[in-house]
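Dropping my_file05.cif in here (mmCIF, C-alpha atoms):
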data_run
loop_
_atom_site.label_atom_id
_atom_site.label_comp_id
_atom_site.auth_asym_id
_atom_site.auth_seq_id
_atom_site.Cartn_x
_atom_site.Cartn_y
_atom_site.Cartn_z
CA MET V 1 -23.27 -3.25 -7.67
CA SER V 2 -22.21 -2.32 -4.15
CA GLY V 3 -25.11 -4.32 -2.70
CA ALA V 4 -24.06 -7.39 -4.69
CA LEU V 5 -20.53 -7.14 -3.32
CA TRP V 6 -21.72 -6.97 0.28
CA ARG V 7 -23.96 -10.01 -0.31
CA ASP V 8 -20.93 -12.02 -1.43
CA ARG V 9 -19.56 -13.86 1.63
CA ARG V 10 -16.13 -14.35 0.05
CA PHE V 11 -15.71 -10.65 -0.65
CA ARG V 12 -16.86 -9.74 2.86
CA ARG V 13 -14.30 -12.05 4.47
CA PHE V 14 -11.57 -10.90 2.12
CA TRP V 15 -12.44 -7.27 2.90
CA ALA V 16 -12.46 -7.99 6.65
CA GLY V 17 -9.07 -9.72 6.50
CA GLU V 18 -7.53 -6.85 4.56
CA THR V 19 -9.10 -4.29 6.90
CA VAL V 20 -7.78 -5.75 10.15
CA SER V 21 -4.33 -6.22 8.61
CA GLN V 22 -4.25 -2.62 7.39
CA PHE V 23 -5.07 -1.33 10.88
CA GLY V 24 -2.19 -3.36 12.30
CA ASP V 25 0.16 -2.05 9.63
CA ARG V 26 -0.60 1.55 10.53
CA VAL V 27 0.33 0.89 14.14
CA THR V 28 3.69 -0.65 13.19
CA GLU V 29 4.49 2.03 10.59
CA LEU V 30 4.43 4.53 13.43
CA ALA V 31 5.76 2.28 16.21
CA LEU V 32 8.96 1.10 14.51
CA PRO V 33 10.24 4.61 13.63
CA LEU V 34 9.26 5.87 17.08
CA LEU V 35 11.12 2.95 18.68
CA ALA V 36 14.16 3.71 16.53
CA VAL V 37 14.04 7.47 17.09
CA GLY V 38 12.83 7.67 20.70
CA THR V 39 14.44 4.63 22.36
CA LEU V 40 17.44 3.87 20.14
CA HIS V 41 18.16 7.54 19.19
CA ALA V 42 18.48 6.71 15.49
CA SER V 43 19.76 9.34 13.06
CA ALA V 44 18.03 10.43 9.85
CA VAL V 45 20.23 8.03 7.84
CA GLN V 46 19.46 5.12 10.17
CA VAL V 47 15.72 5.80 9.98
CA SER V 48 16.03 5.92 6.20
CA TRP V 49 17.70 2.50 6.23
CA LEU V 50 14.77 1.13 8.22
CA THR V 51 12.37 2.34 5.53
CA ALA V 52 14.63 1.13 2.73
CA LEU V 53 14.86 -2.41 4.11
CA VAL V 54 11.07 -2.75 4.28
CA TRP V 55 10.85 -2.11 0.53
CA ALA V 56 14.13 -3.65 -0.68
CA PRO V 57 12.60 -7.14 -1.21
CA ASN V 58 10.47 -5.70 -4.00
CA LEU V 59 13.59 -5.94 -6.13
CA LEU V 60 12.89 -9.70 -6.09
CA ALA V 61 9.22 -9.30 -6.99
CA LEU V 62 9.89 -10.13 -10.66
CA LEU V 63 10.96 -13.67 -9.73
CA LEU V 64 8.36 -14.03 -6.99
CA GLY V 65 5.62 -13.10 -9.45
CA ALA V 66 6.72 -15.86 -11.82
CA TRP V 67 6.78 -18.31 -8.91
CA VAL V 68 3.28 -17.25 -7.79
CA ASP V 69 1.88 -17.78 -11.30
CA ARG V 70 2.88 -21.45 -10.97
CA ARG V 71 1.05 -21.91 -7.66
CA PRO V 72 -2.39 -23.54 -8.00
CA LYS V 73 -3.75 -21.64 -4.97
CA LYS V 74 -2.81 -17.97 -4.68
CA ARG V 75 -4.76 -17.81 -1.43
CA THR V 76 -2.32 -20.25 0.19
CA VAL V 77 0.58 -17.91 -0.61
CA MET V 78 -1.29 -15.00 0.96
CA VAL V 79 -2.13 -16.91 4.16
CA GLY V 80 1.46 -18.14 4.48
CA ALA V 81 2.76 -14.58 4.11
CA ASP V 82 0.40 -13.40 6.88
CA LEU V 83 1.63 -16.09 9.28
CA VAL V 84 5.30 -15.36 8.55
CA ARG V 85 4.81 -11.63 9.16
CA ALA V 86 3.04 -12.33 12.46
CA ALA V 87 5.89 -14.53 13.69
CA LEU V 88 8.56 -12.00 12.70
CA LEU V 89 6.84 -9.06 14.36
CA LEU V 90 6.41 -10.98 17.60
CA THR V 91 10.22 -11.07 17.94
CA VAL V 92 10.18 -7.35 18.78
CA PRO V 93 8.06 -7.55 21.96
CA ALA V 94 9.75 -10.87 22.84
CA THR V 95 13.17 -9.19 22.70
CA ALA V 96 11.85 -6.22 24.68
CA LEU V 97 10.95 -8.58 27.54
CA LEU V 98 14.61 -9.60 27.73
CA GLY V 99 16.09 -6.12 27.34
CA THR V 100 16.05 -3.47 24.61
CA PRO V 101 15.55 -4.27 20.91
CA THR V 102 18.48 -3.25 18.75
CA LEU V 103 18.58 -1.49 15.41
CA ALA V 104 19.94 -4.70 13.93
CA LEU V 105 16.81 -6.55 15.04
CA LEU V 106 14.55 -3.83 13.60
CA TYR V 107 16.46 -3.96 10.32
CA GLY V 108 16.06 -7.75 10.15
CA VAL V 109 12.34 -7.61 10.92
CA ALA V 110 11.86 -4.84 8.36
CA LEU V 111 13.67 -6.81 5.63
CA LEU V 112 11.97 -10.18 6.21
CA THR V 113 8.46 -8.82 6.74
CA GLY V 114 9.00 -6.85 3.54
CA LEU V 115 9.83 -10.08 1.71
CA ALA V 116 6.64 -11.73 3.00
CA SER V 117 4.66 -8.66 1.95
CA VAL V 118 6.01 -8.97 -1.60
CA ALA V 119 4.85 -12.60 -1.76
CA PHE V 120 1.40 -11.53 -0.55
CA GLY V 121 1.30 -8.60 -2.98
CA THR V 122 2.18 -10.63 -6.07
CA ALA V 123 -0.53 -13.21 -5.28
CA TYR V 124 -3.15 -10.56 -4.48
CA PRO V 125 -4.00 -9.34 -8.04
CA SER V 126 -4.58 -12.88 -9.36
CA TYR V 127 -6.90 -13.71 -6.49
CA PHE V 128 -8.71 -10.36 -6.58
CA ALA V 129 -9.31 -10.61 -10.35
CA HIS V 130 -11.41 -13.75 -9.80
CA LEU V 131 -13.07 -12.64 -6.59
CA VAL V 132 -15.17 -9.97 -8.33
CA PRO V 133 -16.15 -9.36 -11.99
CA PRO V 134 -14.33 -6.64 -14.00
CA SER V 135 -17.37 -4.35 -13.86
CA SER V 136 -16.97 -4.30 -10.06
CA TYR V 137 -13.22 -3.63 -9.94
CA ILE V 138 -13.52 0.08 -9.15
CA GLU V 139 -16.31 -0.50 -6.62
CA ALA V 140 -14.39 -3.31 -4.89
CA ASN V 141 -11.11 -1.35 -4.92
CA SER V 142 -13.02 1.61 -3.51
CA LYS V 143 -14.27 -0.45 -0.57
CA LEU V 144 -10.84 -1.97 0.08
CA SER V 145 -9.17 1.43 -0.23
CA ALA V 146 -11.79 3.00 2.06
CA SER V 147 -10.82 0.50 4.74
CA ARG V 148 -7.17 1.24 4.12
CA SER V 149 -7.87 4.96 4.40
CA LEU V 150 -9.87 4.45 7.58
CA SER V 151 -6.86 2.60 8.98
CA PHE V 152 -4.78 5.69 8.25
CA VAL V 153 -7.33 7.74 10.22
CA ALA V 154 -7.56 5.57 13.32
CA GLY V 155 -4.37 3.47 13.10
CA PRO V 156 -1.83 6.24 13.76
CA VAL V 157 -3.94 7.58 16.62
CA LEU V 158 -4.11 4.11 18.13
CA GLY V 159 -0.42 3.52 17.44
CA GLY V 160 0.66 6.85 18.92
CA TRP V 161 -1.24 6.28 22.14
CA LEU V 162 -0.16 2.64 22.38
CA VAL V 163 3.47 3.75 22.10
CA GLN V 164 2.99 6.54 24.62
CA ALA V 165 0.99 4.46 27.12
CA LEU V 166 2.30 0.91 26.65
CA THR V 167 5.59 1.27 24.66
CA ALA V 168 6.39 0.61 21.02
CA PRO V 169 7.01 -3.17 21.33
CA VAL V 170 3.45 -3.65 22.61
CA ALA V 171 2.16 -1.71 19.62
CA VAL V 172 4.14 -3.98 17.26
CA ALA V 173 2.58 -7.03 18.98
CA ALA V 174 -0.85 -5.65 18.04
CA ASP V 175 0.17 -5.71 14.37
CA ALA V 176 1.32 -9.34 14.70
CA LEU V 177 -2.12 -10.28 16.00
CA SER V 178 -3.74 -8.48 13.07
CA PHE V 179 -1.85 -10.72 10.62
CA LEU V 180 -3.08 -13.80 12.49
CA ALA V 181 -6.64 -12.52 12.20
CA SER V 182 -6.16 -11.86 8.48
CA ALA V 183 -4.92 -15.44 7.92
CA LEU V 184 -7.93 -16.85 9.76
CA LEU V 185 -10.37 -14.77 7.69
CA ILE V 186 -8.79 -15.35 4.26
CA GLY V 187 -7.78 -18.98 4.80
CA PRO V 188 -11.22 -20.62 4.44
CA LEU V 189 -12.14 -18.64 1.33
CA GLY V 190 -12.64 -20.19 -2.08
CA ALA V 191 -12.51 -18.54 -5.49
CA ALA V 192 -12.58 -19.68 -9.10
CA GLU V 193 -8.81 -19.42 -9.48
CA PRO V 194 -7.66 -20.75 -12.86
CA PRO V 195 -5.00 -23.49 -12.62
CA PRO V 196 -1.47 -22.60 -13.72
CA ALA V 197 -0.50 -23.43 -17.28
CA PRO V 198 0.14 -27.20 -17.59
CA ALA V 199 3.44 -26.67 -19.40
CA ALA V 200 5.12 -23.94 -17.37
CA PRO V 201 8.47 -22.66 -18.69
CA PRO V 202 11.31 -24.70 -17.18
CA ARG V 203 13.28 -21.65 -16.11
CA LEU V 204 11.84 -19.19 -13.62
CA LEU V 205 13.82 -16.27 -15.06
CA HIS V 206 12.44 -16.90 -18.56
CA SER V 207 8.93 -16.94 -17.16
CA ALA V 208 9.55 -13.73 -15.20
CA ARG V 209 10.78 -11.91 -18.33
CA GLU V 210 7.40 -12.44 -19.99
CA GLY V 211 5.73 -10.29 -17.36
CA LEU V 212 8.39 -7.59 -17.64
CA ALA V 213 8.16 -7.57 -21.45
CA LEU V 214 4.40 -6.99 -21.37
CA LEU V 215 4.79 -4.28 -18.73
CA LEU V 216 7.31 -2.36 -20.84
CA ARG V 217 5.46 -2.59 -24.15
CA HIS V 218 1.80 -2.22 -23.13
CA PRO V 219 0.91 1.50 -23.46
CA VAL V 220 -1.33 1.59 -20.38
CA LEU V 221 0.85 -0.56 -18.11
CA LYS V 222 4.06 1.22 -19.17
CA ALA V 223 2.64 4.67 -18.41
CA ALA V 224 1.10 3.45 -15.17
CA VAL V 225 4.30 1.97 -13.78
CA GLY V 226 6.41 4.93 -14.93
CA CYS V 227 4.08 7.39 -13.23
CA ALA V 228 3.76 5.37 -10.04
CA ALA V 229 7.49 4.67 -9.78
CA THR V 230 8.41 8.34 -10.24
CA CYS V 231 5.93 9.39 -7.58
CA ASN V 232 7.12 6.64 -5.23
CA PHE V 233 10.77 7.59 -5.57
CA PHE V 234 10.13 11.21 -4.61
CA THR V 235 7.60 10.54 -1.85
CA PHE V 236 10.00 8.04 -0.29
CA LEU V 237 12.69 10.69 -0.04
CA THR V 238 10.83 11.42 3.18
CA GLY V 239 8.49 8.48 3.74
CA THR V 240 6.82 7.92 7.10
CA GLY V 241 10.15 7.66 8.91
CA LEU V 242 11.50 11.14 8.10
CA ILE V 243 8.04 12.69 8.48
CA VAL V 244 7.95 11.24 12.02
CA LEU V 245 11.50 12.54 12.61
CA PHE V 246 10.48 15.99 11.30
CA ALA V 247 7.35 16.03 13.50
CA GLU V 248 9.21 15.02 16.65
CA ARG V 249 12.48 16.93 16.35
CA GLU V 250 11.62 20.06 14.35
CA LEU V 251 7.93 20.52 15.18
CA ALA V 252 8.30 19.21 18.78
CA LEU V 253 5.12 17.12 18.63
CA SER V 254 4.56 14.30 21.16
CA PRO V 255 4.02 10.69 19.97
CA GLY V 256 0.33 10.93 20.83
CA LEU V 257 -0.09 14.18 18.93
CA ILE V 258 1.84 12.80 15.95
CA GLY V 259 -0.66 9.95 15.82
CA VAL V 260 -3.57 12.39 15.98
CA VAL V 261 -2.06 14.52 13.18
CA PHE V 262 -1.62 11.51 10.92
CA GLY V 263 -5.13 10.33 11.76
CA ILE V 264 -6.72 13.68 10.95
CA GLY V 265 -4.74 13.92 7.75
CA ALA V 266 -5.82 10.45 6.69
CA VAL V 267 -9.48 11.47 6.69
CA GLY V 268 -8.66 12.80 3.22
CA GLY V 269 -7.77 9.28 2.14
CA LEU V 270 -11.06 7.93 3.41
CA LEU V 271 -12.97 10.61 1.52
CA GLY V 272 -10.92 9.96 -1.61
CA ALA V 273 -11.54 6.20 -1.49
CA VAL V 274 -15.29 6.60 -0.98
CA ALA V 275 -15.56 9.31 -3.65
CA ALA V 276 -13.33 7.60 -6.24
CA PRO V 277 -16.13 5.72 -8.07
CA ALA V 278 -18.26 8.88 -8.31
CA VAL V 279 -15.29 10.97 -9.46
CA SER V 280 -14.41 8.39 -12.12
CA ARG V 281 -18.00 8.42 -13.39
CA LEU V 282 -17.96 12.23 -13.47
CA ILE V 283 -14.63 12.92 -15.17
CA GLY V 284 -13.54 9.45 -16.29
CA VAL V 285 -11.16 6.85 -14.90
CA GLY V 286 -8.10 8.28 -16.67
CA ARG V 287 -8.60 11.89 -15.62
CA SER V 288 -9.11 10.73 -12.03
CA VAL V 289 -5.69 9.07 -12.22
CA VAL V 290 -4.13 12.30 -13.54
CA ALA V 291 -5.73 14.42 -10.79
CA GLY V 292 -4.59 12.01 -8.09
CA ALA V 293 -1.04 11.87 -9.47
CA VAL V 294 -0.59 15.61 -8.87
CA LEU V 295 -2.56 15.88 -5.63
CA PHE V 296 -0.63 13.02 -4.01
CA PRO V 297 2.82 14.67 -3.61
CA ALA V 298 2.20 18.41 -4.15
CA PRO V 299 0.59 19.32 -0.77
CA TYR V 300 3.82 18.66 1.12
CA VAL V 301 4.93 22.20 0.26
CA LEU V 302 2.67 23.13 3.19
CA VAL V 303 5.45 22.12 5.59
CA TRP V 304 6.74 25.67 5.14
CA ALA V 305 3.60 26.83 6.95
CA ALA V 306 4.36 24.58 9.95
CA GLU V 307 5.38 27.30 12.41
CA SER V 308 4.53 28.27 15.99
CA PRO V 309 2.18 28.06 17.82
CA LEU V 310 1.63 24.35 18.43
CA TRP V 311 -1.71 24.24 16.60
CA GLY V 312 -0.07 25.88 13.58
CA ARG V 313 2.71 23.29 13.41
CA ALA V 314 0.33 20.38 13.86
CA GLY V 315 -2.32 21.90 11.59
CA ALA V 316 -0.02 22.45 8.61
CA LEU V 317 1.29 18.90 8.79
CA ALA V 318 -2.26 17.54 9.11
CA ALA V 319 -3.41 19.59 6.10
CA ALA V 320 -0.56 18.25 3.97
CA GLU V 321 -1.39 14.69 5.01
CA PHE V 322 -5.12 15.26 4.35
CA LEU V 323 -4.68 16.51 0.79
CA SER V 324 -1.98 13.97 -0.04
CA SER V 325 -4.12 11.10 1.24
CA LEU V 326 -7.06 12.34 -0.82
CA GLY V 327 -4.86 12.37 -3.92
CA VAL V 328 -3.33 8.95 -3.37
CA MET V 329 -6.74 7.30 -3.08
CA LEU V 330 -8.02 8.90 -6.30
CA PHE V 331 -4.80 7.68 -7.91
CA ASP V 332 -4.71 4.17 -6.47
CA VAL V 333 -8.35 3.14 -6.79
CA ASN V 334 -8.56 4.10 -10.44
CA LEU V 335 -5.04 3.08 -11.52
CA ASN V 336 -5.25 -0.32 -9.79
CA SER V 337 -8.57 -1.01 -11.51
CA LEU V 338 -7.18 0.12 -14.86
CA THR V 339 -4.09 -2.09 -14.65
CA THR V 340 -6.13 -5.08 -13.46
CA ALA V 341 -8.40 -4.76 -16.49
CA ALA V 342 -5.42 -4.37 -18.84
CA THR V 343 -3.49 -7.45 -17.64
CA PRO V 344 -4.05 -10.88 -19.31
CA ASP V 345 -5.20 -13.46 -16.80
CA GLU V 346 -2.37 -15.94 -17.39
CA LEU V 347 0.27 -13.26 -16.72
CA ARG V 348 -1.19 -11.57 -13.63
CA GLY V 349 1.39 -12.82 -11.13
CA ARG V 350 4.31 -12.09 -13.44
CA VAL V 351 3.04 -8.63 -14.36
CA ALA V 352 2.34 -7.87 -10.69
CA GLY V 353 5.89 -8.98 -9.84
CA ALA V 354 7.43 -6.90 -12.62
CA TYR V 355 5.28 -3.91 -11.65
CA ALA V 356 6.32 -4.22 -7.99
CA THR V 357 9.99 -4.61 -8.91
CA VAL V 358 9.94 -1.29 -10.77
CA ASN V 359 7.36 0.60 -8.74
CA TYR V 360 8.27 -0.52 -5.23
CA GLY V 361 11.90 -1.24 -6.04
CA VAL V 362 12.56 2.50 -6.30
CA ARG V 363 11.24 3.05 -2.77
CA PRO V 364 14.38 1.91 -0.92
CA LEU V 365 16.46 3.97 -3.36
CA GLY V 366 14.30 6.99 -2.58
CA ALA V 367 14.51 6.35 1.15
CA LEU V 368 18.32 6.12 1.10
CA ALA V 369 18.58 9.22 -1.12
CA GLY V 370 16.25 11.02 1.28
CA GLY V 371 18.47 10.25 4.27
CA GLY V 372 21.49 11.73 2.50
CA LEU V 373 19.52 14.71 1.19
CA ALA V 374 18.13 15.46 4.67
CA THR V 375 21.70 15.52 5.99
CA LEU V 376 22.69 18.03 3.28
CA ILE V 377 19.69 20.40 3.05
CA GLY V 378 17.61 19.56 6.12
CA LEU V 379 14.27 17.86 6.58
CA ARG V 380 12.10 20.76 5.43
CA GLY V 381 14.04 21.15 2.19
CA THR V 382 13.90 17.41 1.52
CA ILE V 383 10.12 17.39 1.98
CA THR V 384 9.89 20.23 -0.56
CA VAL V 385 11.86 18.20 -3.11
CA THR V 386 9.35 15.40 -2.50
CA ALA V 387 6.44 17.71 -3.36
CA VAL V 388 7.89 19.24 -6.51
CA GLY V 389 9.61 16.17 -7.94
CA GLY V 390 6.70 13.88 -7.17
CA ALA V 391 4.22 16.04 -9.07
CA LEU V 392 6.31 15.61 -12.24
CA CYS V 393 5.12 11.98 -12.39
CA VAL V 394 2.07 13.24 -14.30
CA LEU V 395 4.27 13.66 -17.41
CA TRP V 396 4.18 9.86 -17.88
CA LEU V 397 0.41 9.98 -18.24
CA LEU V 398 -0.06 12.89 -20.63
CA ARG V 399 1.23 11.06 -23.74
CA SER V 400 -0.48 7.75 -22.90
CA PRO V 401 -4.02 6.43 -23.53
CA ILE V 402 -4.82 6.79 -19.82
CA PRO V 403 -6.26 10.37 -19.72
CA ALA V 404 -8.72 9.50 -22.52
CA THR V 405 -10.00 6.37 -20.76
CA ARG V 406 -13.53 6.95 -19.53
CA THR V 407 -14.60 3.49 -18.28
CA LEU V 408 -13.25 -0.02 -17.94
CA GLY V 409 -15.63 -1.48 -20.53
CA PRO V 410 -19.23 -2.60 -20.75
CA PRO V 411 -20.87 -3.62 -17.48
CA GLU V 412 -21.12 -7.32 -16.79
CA PRO V 413 -24.09 -9.15 -15.17
CA GLU V 414 -24.07 -9.02 -11.40
CA PRO V 415 -22.78 -12.25 -9.84
CA GLU V 416 -25.22 -14.60 -8.16
CA PRO V 417 -25.20 -14.25 -4.36
CA ASP V 418 -23.01 -16.81 -2.61
CA PRO V 419 -25.23 -19.80 -1.69
CA GLU V 420 -23.60 -19.99 1.73
CA SER V 421 -24.65 -16.43 2.48
CA ALA V 422 -28.32 -16.95 1.52
CA GLY V 423 -30.69 -15.67 4.14
CA HIS V 424 -28.13 -13.34 5.78
CA GLU V 425 -28.60 -9.60 5.92
CA SER V 426 -26.10 -7.37 4.15
CA PRO V 427 -23.90 -5.64 6.74
CA ALA V 428 -23.94 -2.38 4.76
#
Would you put the structure from the file into C-alpha cells?
Amino acid sequence: MSGALWRDRRFRRFWAGETVSQFGDRVTELALPLLAVGTLHASAVQVSWLTALVWAPNLLALLLGAWVDRRPKKRTVMVGADLVRAALLLTVPATALLGTPTLALLYGVALLTGLASVAFGTAYPSYFAHLVPPSSYIEANSKLSASRSLSFVAGPVLGGWLVQALTAPVAVAADALSFLASALLIGPLGAAEPPPAPAAPPRLLHSAREGLALLLRHPVLKAAVGCAATCNFFTFLTGTGLIVLFAERELALSPGLIGVVFGIGAVGGLLGAVAAPAVSRLIGVGRSVVAGAVLFPAPYVLVWAAESPLWGRAGALAAAEFLSSLGVMLFDVNLNSLTTAATPDELRGRVAGAYATVNYGVRPLGALAGGGLATLIGLRGTITVTAVGGALCVLWLLRSPIPATRTLGPPEPEPEPDPESAGHESPA
C-alpha cells in the first residue's frame, strides 16, 4: 500500500505541505522560549504562560469543529489557517527591526497562532479521511508522523543554530515562510470531500454538542480522549518551555547544544513513526497504543541522571527525549488511525473539535500548573511528576476495547493512481 500512496499526487502534496510546516514549527517551538528566556529574561511562570496561550484556543475547538463541519471545503479552512499563522509570526521579526519584541507581543502571537492551529486541526481529520482509504490510515499516518518526527530531529538543531547565529526573530521568520509554503502546496489539491448536510442545525452550539455526546459515549473514543488528555496534562507540566529553561539554567547547555540534544532525542520519534505499522501488525493496533502511552511520559525520570560532566547532562536529557519520542509516535500513529476509523463521516469535524477541546484544552491548564509547581518544588521535581503522573494515563485503556483491537478492519482495494500523476516516477 505504501507504493500506492506515493503514486497519489494529492497525498504527496499534502505530505509535503505538512512536512515543511512541521519543520518550521520545530524552529519556533525552540525560538520563542529562547527569545523569552534569553532576551526578555522570562521567569518559569512567564514561560508557562507562553505555552498555555498557544494551547488555550483549543477550549473553543468544540464550536470550531461544528463550524468546520458546515464548510463545503475543509481544504480552504486549512489554507486560510496557514496564511493567518504566517502573517502573525512575521510580526516578531518586524518588531525586532524596530527594537526588542515584548512578552506581550509573544503572548499575543502565541494565542492567535494557536487559534489558527485549532481551525486547521479541526478541518484536518475530515480532509484526511477522504484523502486515503481506511485500509491505508496507519500507513499514511506513519508517513506523516515520520516527517513530523524527522522535523523533531533536524528542526531543533536548525532552530538552535539559527537563534545562536542569526537571533530568535530570524528563526521565527523561517517558520512564517514554512506556512506560506504549506498553503501553496495544499491549496491546489482536490479530494472527494462530502458536502455538509443540507439541513444543518440552526444553532452552532446544538450542532457542537452532537460531537461531544458521541465522544463521551463511544467506548473507543471515550477511552482514547481520556488517555490522551491525562497524558497531555502531565507532560505539559513541563512542556518544551520548561524543558528549555531546565536545559539552559540548571544543565548550563548553550542554545546550539540544546537544539542538538532535542534533535538527537527526536530520532526516537522518527524510528517510532517508521516502525509503527510493523509494530501494530506484530502486536496489534490496541497494544501498540498501550505501549506508547507508557513509554511517552515515563522516560523523563532520567533527568535525575543529568549530572556533570557536560556530556552526562546532555546525554541524559537526549536519552529521555529519545525514548519519549519513540513512545509518542507509537501512541499517536495507532490512536489517530483508530479514532479516525471509529468516527462517523458526518460528525468528523464536530468530534475532532470535541476531542481537541478535551485533549488539548488541558494543555494550558497543565502548563500553568507546571509553572506554579516548578516554583514550589523545582524544575527537576516537576519533570518527575510529569513522568509518573503521565504514565497513569494507561488506566483509561485497560478497561476499554482498545487493547483487544488487532486491526482496523478488512483491507480495501488500492485506489487507482491519480490520472494527473500518470507517467511520473514514485519519489520513494
Exercise: Leu251 (chain V) partners within 12 Å, all atoms listed in the file, chain neighbours under 3 positions left out, as a list in words:
Ile243, Val244, Leu245, Phe246, Ala247, Glu248, Ser254, Pro255, Leu257, Ile258, Val261, Val303, Trp304, Ala305, Ala306, Glu307, Ser308, Pro309, Leu310, Trp311, Gly312, Arg313, Ala314, Gly315, Ala316, Leu317, Leu379 and Arg380 of chain V
In terms of all atoms listed in the file, the residue from V:Ala278, V:Leu98, V:Leu32, V:Leu221 at minimal distance from Thr340 (chain V) is V:Leu221
CA of Arg348 (chain V) to CA of Thr51 (chain V), distance in Å rounded to a single decimal:
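Taking CA of Arg348 (chain V) as the start and CA of Thr51 (chain V) as the end point, the length is 27.3 Å.
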Give me the residues near Val289 (chain V) as a ChimeraX atom specification, where near means some atom within 12 Å (using all atoms listed in the file) and where sequence neighbours in that chain fewer than 4 positions away do not count.
/V:220,223-224,227-228,272,276-277,279-280,283-285,293-296,326-339,393-394,396-398,400-406
When you draw a straight line from CA of Pro299 (chain V) to CA of Ala320 (chain V), how long is it in Å?
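Straight-line distance from CA of Pro299 (chain V) to CA of Ala320 (chain V) works out to 5.0 Å.
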Pick from V:Gln46, V:Thr382, V:Ser126, V:Ser21, whichever lies nearest to Pro33 (chain V) using all atoms listed in the file
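Once distances to Pro33 (chain V) are computed over all atoms listed in the file, the minimum belongs to V:Gln46.
With all atoms listed in the file as the atoms that count, the minimum distance from Asn58 (chain V) to the choices V:Leu89, V:Ala354, V:Ala36, V:Ile377 is reached by V:Ala354.
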To test your reading of the syntax: which residues would the PyMOL selection byres ((chain V and resi 371) around 12) return for the file shown? Reply as a ChimeraX atom specification.
/V:42-52,236-239,241-243,245,364-370,372-379,381-383
What does the file look like for those residues with C-alpha atoms, as a CSV table (one decimal), keeping the file's coordinate frame?
chain,number,residue,atom,x,y,z
V,42,ALA,CA,18.5,6.7,15.5
V,43,SER,CA,19.8,9.3,13.1
V,44,ALA,CA,18.0,10.4,9.8
V,45,VAL,CA,20.2,8.0,7.8
V,46,GLN,CA,19.5,5.1,10.2
V,47,VAL,CA,15.7,5.8,10.0
V,48,SER,CA,16.0,5.9,6.2
V,49,TRP,CA,17.7,2.5,6.2
V,50,LEU,CA,14.8,1.1,8.2
V,51,THR,CA,12.4,2.3,5.5
V,52,ALA,CA,14.6,1.1,2.7
V,236,PHE,CA,10.0,8.0,-0.3
V,237,LEU,CA,12.7,10.7,0.0
V,238,THR,CA,10.8,11.4,3.2
V,239,GLY,CA,8.5,8.5,3.7
V,241,GLY,CA,10.2,7.7,8.9
V,242,LEU,CA,11.5,11.1,8.1
V,243,ILE,CA,8.0,12.7,8.5
V,245,LEU,CA,11.5,12.5,12.6
V,364,PRO,CA,14.4,1.9,-0.9
V,365,LEU,CA,16.5,4.0,-3.4
V,366,GLY,CA,14.3,7.0,-2.6
V,367,ALA,CA,14.5,6.4,1.2
V,368,LEU,CA,18.3,6.1,1.1
V,369,ALA,CA,18.6,9.2,-1.1
V,370,GLY,CA,16.2,11.0,1.3
V,372,GLY,CA,21.5,11.7,2.5
V,373,LEU,CA,19.5,14.7,1.2
V,374,ALA,CA,18.1,15.5,4.7
V,375,THR,CA,21.7,15.5,6.0
V,376,LEU,CA,22.7,18.0,3.3
V,377,ILE,CA,19.7,20.4,3.0
V,378,GLY,CA,17.6,19.6,6.1
V,379,LEU,CA,14.3,17.9,6.6
V,381,GLY,CA,14.0,21.2,2.2
V,382,THR,CA,13.9,17.4,1.5
V,383,ILE,CA,10.1,17.4,2.0
What would the selection look like, as a ChimeraX atom specification, if the PyMOL selection byres ((chain V and resi 343) around 12) were run on the coordinates I just shared?
/V:125-126,129,134,211-212,214-215,218-222,336-342,344-352,355
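This file, filtered with the PyMOL selection byres ((chain V and resi 60) around 9), gives the residues Ala56, Pro57, Asn58, Leu59, Ala61, Leu62, Leu63, Leu64, Gly65, Leu115, Val118, Gly353, Ala354, Ala356, Thr357 and Gly361 of chain V.
A straight line drawn from CA of Gly286 (chain V) to CA of Ala391 (chain V) is 16.4 Å long.
Counting all atoms listed in the file and comparing V:Leu53, V:Ala176, V:Leu166, V:Arg9, the residue that lies closest to Leu131 (chain V) is V:Arg9.
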Surrounding residues of Thr28 (chain V) excluding itself and chain neighbours under 6 positions, 7 Å, all atoms listed in the file, as a PyMOL selection string
chain V and resi 171-172+175
